[in-house]
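One file, structure_37.cif, is given below (mmCIF, C-alpha atoms).
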```cif
data_input
loop_
_atom_site.label_atom_id
_atom_site.label_comp_id
_atom_site.auth_asym_id
_atom_site.auth_seq_id
_atom_site.Cartn_x
_atom_site.Cartn_y
_atom_site.Cartn_z
CA MET A 951 14.84 -8.65 31.01
CA LEU A 952 13.98 -6.55 34.08
CA ARG A 953 13.71 -3.44 31.88
CA ALA A 954 11.29 -5.24 29.54
CA LEU A 955 9.19 -6.40 32.50
CA PHE A 956 9.09 -2.85 33.87
CA LEU A 957 7.94 -1.49 30.51
CA ILE A 958 5.28 -4.16 30.09
CA THR A 959 3.99 -3.39 33.59
CA LEU A 960 3.96 0.32 32.78
CA LEU A 961 2.05 -0.34 29.57
CA PHE A 962 -0.48 -2.51 31.38
CA LEU A 963 -1.01 0.09 34.12
CA ALA A 964 -1.37 2.89 31.61
CA ALA A 965 -3.84 0.90 29.49
CA THR A 966 -5.85 -0.06 32.57
CA VAL A 967 -5.98 3.48 33.95
CA ARG A 968 -6.73 5.37 30.76
CA SER A 969 -8.43 2.73 28.58
CA GLU A 970 -6.79 4.09 25.43
CA PRO A 971 -5.71 1.94 22.48
CA LEU A 972 -2.62 -0.18 23.12
CA ASP A 973 -0.98 1.46 20.11
CA LYS A 974 -0.66 4.66 22.15
CA TYR A 975 1.38 2.82 24.75
CA PHE A 976 3.86 1.47 22.27
CA GLN A 977 4.69 5.15 21.76
CA LEU A 978 5.88 5.12 25.39
CA LEU A 979 8.61 2.74 24.34
CA ASP A 980 9.80 5.28 21.79
CA MET A 981 9.55 8.03 24.42
CA GLU A 982 11.71 6.05 26.84
CA GLN A 983 14.42 5.71 24.21
CA THR A 984 14.01 9.36 23.17
CA THR A 985 14.30 10.46 26.79
CA ARG A 986 17.45 8.37 27.29
CA LEU A 987 19.01 9.96 24.20
CA TRP A 988 18.11 13.44 25.52
CA ILE A 989 19.73 12.65 28.87
CA ASP A 990 22.78 11.25 27.07
CA LYS A 991 23.08 14.53 25.17
CA LEU A 992 23.11 16.52 28.43
CA GLN A 993 25.04 14.06 30.62
CA PRO A 994 27.20 11.96 28.26
CA ASP A 995 29.43 10.71 31.12
CA SER A 996 26.52 9.55 33.28
CA PRO A 997 26.31 5.73 33.64
CA THR A 998 23.89 4.00 31.25
CA ASP A 999 22.06 2.39 34.18
CA THR A 1000 21.40 5.82 35.69
CA LYS A 1001 20.07 7.14 32.37
CA ASN A 1002 17.76 4.13 32.11
CA VAL A 1003 16.46 4.63 35.66
CA ILE A 1004 15.82 8.32 34.97
CA ALA A 1005 14.02 7.65 31.67
CA ASN A 1006 11.89 4.87 33.18
CA HIS A 1007 10.91 6.92 36.23
CA LEU A 1008 10.12 9.99 34.17
CA LEU A 1009 7.64 7.94 32.14
CA LEU A 1010 6.23 6.29 35.25
CA ASN A 1011 5.76 9.54 37.17
CA ALA A 1012 4.40 11.44 34.17
CA ALA A 1013 1.72 8.75 33.79
CA THR A 1014 1.08 8.33 37.52
CA HIS A 1015 0.73 12.05 38.26
CA ASP A 1016 -0.84 13.03 34.92
CA ILE A 1017 1.95 15.44 33.99
CA PRO A 1018 3.12 15.83 30.40
CA LEU A 1019 6.44 13.99 30.04
CA GLU A 1020 7.76 16.88 27.97
CA LEU A 1021 7.08 19.32 30.82
CA LEU A 1022 8.92 17.13 33.34
CA VAL A 1023 11.88 16.78 30.98
CA GLY A 1024 11.92 20.55 30.38
CA LEU A 1025 11.78 21.23 34.11
CA ILE A 1026 14.65 18.85 34.92
CA THR A 1027 16.71 20.19 32.01
CA VAL A 1028 16.44 23.70 33.46
CA GLU A 1029 16.78 22.67 37.11
CA SER A 1030 19.77 20.32 36.93
CA ARG A 1031 20.58 19.41 33.31
CA PHE A 1032 20.02 15.83 34.53
CA ASN A 1033 22.86 16.03 37.06
CA THR A 1034 21.69 13.70 39.84
CA LYS A 1035 24.06 15.33 42.36
CA ALA A 1036 23.11 18.96 41.62
CA VAL A 1037 22.91 21.31 44.62
CA SER A 1038 21.90 24.97 44.31
CA SER A 1039 23.19 27.86 46.41
CA HIS A 1040 19.71 27.96 48.01
CA GLY A 1041 19.85 24.31 49.12
CA ALA A 1042 17.76 22.75 46.34
CA LYS A 1043 18.94 19.22 45.60
CA GLY A 1044 18.85 16.48 42.99
CA LEU A 1045 17.44 16.23 39.48
CA THR A 1046 14.33 18.26 40.22
CA GLN A 1047 16.09 20.67 42.61
CA VAL A 1048 13.66 20.08 45.44
CA MET A 1049 14.09 22.10 48.65
CA PRO A 1050 14.24 19.38 51.34
CA ARG A 1051 13.30 21.74 54.15
CA TYR A 1052 9.95 22.46 52.46
CA HIS A 1053 9.14 18.95 51.27
CA LYS A 1054 10.15 16.65 54.15
CA ALA A 1055 6.76 14.89 54.09
CA LYS A 1056 7.19 14.00 50.41
CA ILE A 1057 10.83 12.95 50.78
CA LYS A 1058 10.03 10.75 53.81
CA GLY A 1059 13.67 10.47 54.89
CA ARG A 1060 14.78 9.07 51.51
CA ASP A 1061 17.83 10.16 49.53
CA ILE A 1062 16.79 13.06 47.28
CA PHE A 1063 19.88 12.42 45.14
CA ASP A 1064 18.46 9.02 44.16
CA PRO A 1065 16.93 9.74 40.72
CA ARG A 1066 13.83 7.68 41.54
CA VAL A 1067 13.17 9.73 44.67
CA GLY A 1068 14.03 13.07 43.06
CA ILE A 1069 11.71 12.48 40.12
CA GLU A 1070 8.89 11.22 42.34
CA VAL A 1071 9.13 14.13 44.78
CA GLY A 1072 9.53 16.72 42.01
CA SER A 1073 6.50 15.24 40.23
CA LEU A 1074 4.44 15.38 43.42
CA VAL A 1075 5.43 19.02 43.96
CA LEU A 1076 4.62 19.92 40.35
CA ARG A 1077 1.28 18.04 40.54
CA ASP A 1078 0.41 20.00 43.72
CA CYS A 1079 1.22 23.24 41.88
CA LEU A 1080 -0.84 22.19 38.85
CA ASN A 1081 -3.78 21.37 41.13
CA LYS A 1082 -3.42 24.65 43.00
CA HIS A 1083 -3.48 26.59 39.73
CA HIS A 1084 -6.19 24.52 38.00
CA GLY A 1085 -3.83 22.97 35.45
CA ASN A 1086 -2.28 26.26 34.33
CA HIS A 1087 1.29 25.26 33.40
CA LEU A 1088 2.72 28.78 33.61
CA MET A 1089 1.35 29.42 37.09
CA ALA A 1090 2.37 25.91 38.19
CA LEU A 1091 5.94 26.55 37.07
CA SER A 1092 6.03 29.80 39.06
CA CYS A 1093 4.68 27.90 42.05
CA TYR A 1094 7.29 25.16 41.59
CA SER A 1095 10.19 27.60 41.45
CA GLY A 1096 8.82 29.88 44.14
CA SER A 1097 9.46 32.87 41.89
CA LYS A 1098 7.35 35.92 41.13
CA GLY A 1099 7.27 38.74 38.57
CA ALA A 1100 10.05 38.97 35.99
CA GLN A 1101 11.95 36.14 37.64
CA ALA A 1102 8.90 33.86 37.28
CA VAL A 1103 8.50 34.79 33.62
CA LYS A 1104 12.17 34.06 32.96
CA TYR A 1105 11.86 30.64 34.65
CA GLN A 1106 8.65 29.82 32.75
CA GLN A 1107 10.27 30.75 29.44
CA SER A 1108 13.34 28.65 30.22
CA VAL A 1109 11.30 25.54 31.06
CA LEU A 1110 8.97 26.00 28.09
CA THR A 1111 11.96 26.50 25.76
CA GLN A 1112 13.50 23.22 26.97
CA THR A 1113 10.10 21.51 26.73
CA LYS A 1114 9.85 22.66 23.10
CA ARG A 1115 13.41 21.53 22.35
CA PHE A 1116 12.72 18.08 23.82
CA THR A 1117 9.49 17.82 21.81
CA GLN A 1118 11.38 18.70 18.61
CA HIS A 1119 14.03 16.13 19.54
CA ALA A 1120 11.30 13.50 20.01
CA MET A 1121 9.66 14.34 16.69
CA LEU A 1122 12.95 13.93 14.84
CA LEU A 1123 13.43 10.48 16.36
CA ARG A 1124 9.87 9.23 15.84
CA LYS A 1125 9.78 5.79 14.24
CA PRO A 1126 7.08 4.03 12.27
CA ILE A 1127 4.67 1.95 14.40
CA GLY A 1128 5.87 -1.31 12.85
CA ARG A 1129 9.29 -0.93 14.48
CA LYS A 1130 8.04 -0.05 17.97
CA LEU A 1131 7.67 -3.65 19.05
CA ALA A 1132 11.37 -4.18 18.42
CA LEU A 1133 12.14 -1.89 21.37
CA LEU A 1134 10.84 -4.44 23.87
CA ASP A 1135 14.08 -6.45 23.65
CA LEU A 1136 12.30 -9.68 24.67
#
```

Could I get this file's structure written as structure tokens?
Amino acid sequence: MLRALFLITLLFLAATVRSEPLDKYFQLLDMEQTTRLWIDKLQPDSPTDTKNVIANHLLLNAATHDIPLELLVGLITVESRFNTKAVSSHGAKGLTQVMPRYHKAKIKGRDIFDPRVGIEVGSLVLRDCLNKHHGNHLMALSCYSGSKGAQAVKYQQSVLTQTKRFTQHAMLLRKPIGRKLALLDL
């Protein structure tokens, strides 16, 4: 019931903010399920509740920060493969592999390993990079990773490859509009 309420709230907020047809927002319901299935593919042993939280917060942060969901999914796939406890040798932590020493103001003392916090902070960092580079996804990805030259190109290609794979995954799972309402589980 709580999940349905969350999704209805998300749909209302998205419709209010963007004033697009409601039909578009029923697609979000499919994207939540598609995202959960993608996470399940990468982290089959992760608890279902964790996968649901991740999928819900990816949709919420993509809409809130005007970032393509596919790009966020691609970024997290490369950064942590959806391992909420991931830690790099450089000290990057969580799903989005944020460097706590550089983003203390965004983390605000919260647990970066909490998927909700990790996704929010990673989305804020990516949005800052997109703003800095006038919406250029390639430059924003270099900014996000802190890489330059060949290393930046390799990172960009990795994220874009995973973004493309997720998009293909979503297209294969797309359902007819008449069945989208069934996902509400009311």

Nearest-residue call for Lys1035 of chain A, choices A:Asn1006, A:Phe1063, A:His1119, A:Asn1011, using all atoms listed in the file: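 Of A:Asn1006, A:Phe1063, A:His1119, A:Asn1011, the one nearest Lys1035 of chain A is A:Phe1063, counting all atoms listed in the file.
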
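Candidate residues A:Ile1057, A:Leu1074, A:Val1003, A:Leu987 were compared for distance to Ile1017 of chain A, and the nearest is A:Leu1074, using all atoms listed in the file.
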
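The interatomic distance for the pair atom CA of Asn1002 of chain A and atom CA of Ser1092 of chain A works out to 29.1 Å.
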
Picked residues, the PyMOL selection byres ((chain A and resi 1019-1034) around 10), expected as a PyMOL selection string: chain A and resi 981+985+988-993+996+1000-1001+1004-1005+1008-1013+1016-1018+1035-1038+1042-1048+1062-1065+1068-1069+1072-1073+1076+1087+1091+1094-1095+1105-1106+1108-1117+1120

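Atom CA of Gln1101 of chain A is found 15.3 Å from atom CA of His1040 of chain A.
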
Gap from atom CA of Ala1100 of chain A to atom CA of Leu1088 of chain A - Å, one decimal: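 Taking atom CA of Ala1100 of chain A and atom CA of Leu1088 of chain A, their separation equals 12.8 Å.
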
Spatial neighbours of Lys1056 of chain A, max dist 10 Å, only C-alpha atoms, sep filter under 3 positions, as a list of chain:residue names: A:Pro1050, A:Tyr1052, A:His1053, A:Gly1059, A:Arg1060, A:Val1067, A:Glu1070, A:Val1071, A:Gly1072, A:Leu1074, A:Val1075
